[in-house]
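Asks: Okay, here's the structure, questions in a sec.
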Amino acid sequence: MPRSKKLDKNQMNLFEFHLTFNGDECVKTLEGGNQENLSDFEYHLRKSIKETLDRCAKRKQDPLDRIEVAARMSRKLGREITKSNIDQWSAMSTVQRRIHADALKALCEVTSDFAPMHAFVEGCGFKALSPDEAKAAEYGAKMFIKRQIEVELKDIVSDIDESGITKKLIARMLGGSRDI
């Protein structure tokens, strides 16, 4: 009697993709956000910034504390970024202090961790892809278009009287009448 394979629930099936797009749980709302309260979107962005900074400080290769992150961001942006700025951007209690878009990019580049950028993009309902993932997605989109064209070509061919058109084309090639 053949043994049934037990699947490990933690094992990923290579052909099973779970991408969520517009309208799904990744989209974060701006509702409820004001000078005293964080919106769901900003809460998740700040949480991602904090987690990135924590990972950056604990990594074995080139660990960076917030002071060094601020110094490197300052050099990259050409304006002063302080540890206090970083603390305020990642704290849930300093609602009025919000990160600028260029500072978010600089933070990601300095820490070599683009999780906050993904949180930003995916909070809007989009997907951030690596260059290789983007190429694969482009390939998939082109294959989809190719399939659509093939379906349309089949519809066109199905409406053609093949024997009649063959006779007309042969007659034309032999110099016969154009109105057969």
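Going by the structure tokens order, chains are called A, B, ..., each with residues numbered from 1, while ligands are numbered from 1 in the order shown.
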From a DSSP calculation on the backbone, collect every residue of region 20-133 of chain A in helix (DSSP H, G or I) and output the set as a ChimeraX atom specification.
Replies: /A:40-58,66-77,83-90,101-111,115-123,131-133
Asks: Write out as JSON, numbers by chain the residues lying within 8 Å of region 98-107 of chain A, counting only C-alpha atoms and excluding same-chain residues fewer than 5 positions away.
Replies: {"A": [69, 73, 76, 77, 88, 89, 116, 117]}
Asks: Using CA of Phe126 (chain A) and CA of Glu138 (chain A) as the two end points, give the distance in Å to one decimal.
Replies: 15.3 Å
Asks: Report, in Å to a single decimal, how far apart CA of Thr94 (chain A) and CA of Pro63 (chain A) are.
Replies: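 The value is 25.7 Å.
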Asks: Residues within 12 Å of Arg46 (chain A), please, as a list of chain:residue names. Count only C-alpha atoms; anything in the same chain fewer than 4 positions from it doesn't count.
Replies: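 Within the cut-off, the hits are A:Leu38, A:Ser39, A:Asp40, A:Phe41, A:Glu42, A:Lys50, A:Glu51, A:Thr52, A:Leu53, A:Ile86, A:Asp87, A:Gln88, A:Trp89, A:Ser90, A:Ala91, A:Met92, A:Ser93, A:Thr94, A:Val95, A:Arg97, A:Arg98, A:Ile99, A:Leu104, A:Ala115, A:Pro116, A:Met117, A:Ala119, A:Phe120, A:Gly123.
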Asks: Quick check, in Å to one decimal: how far apart do CA of Leu30 (chain A) and CA of Cys124 (chain A) lie?
Replies: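 For CA of Leu30 (chain A) relative to CA of Cys124 (chain A), the distance reads 9.8 Å.
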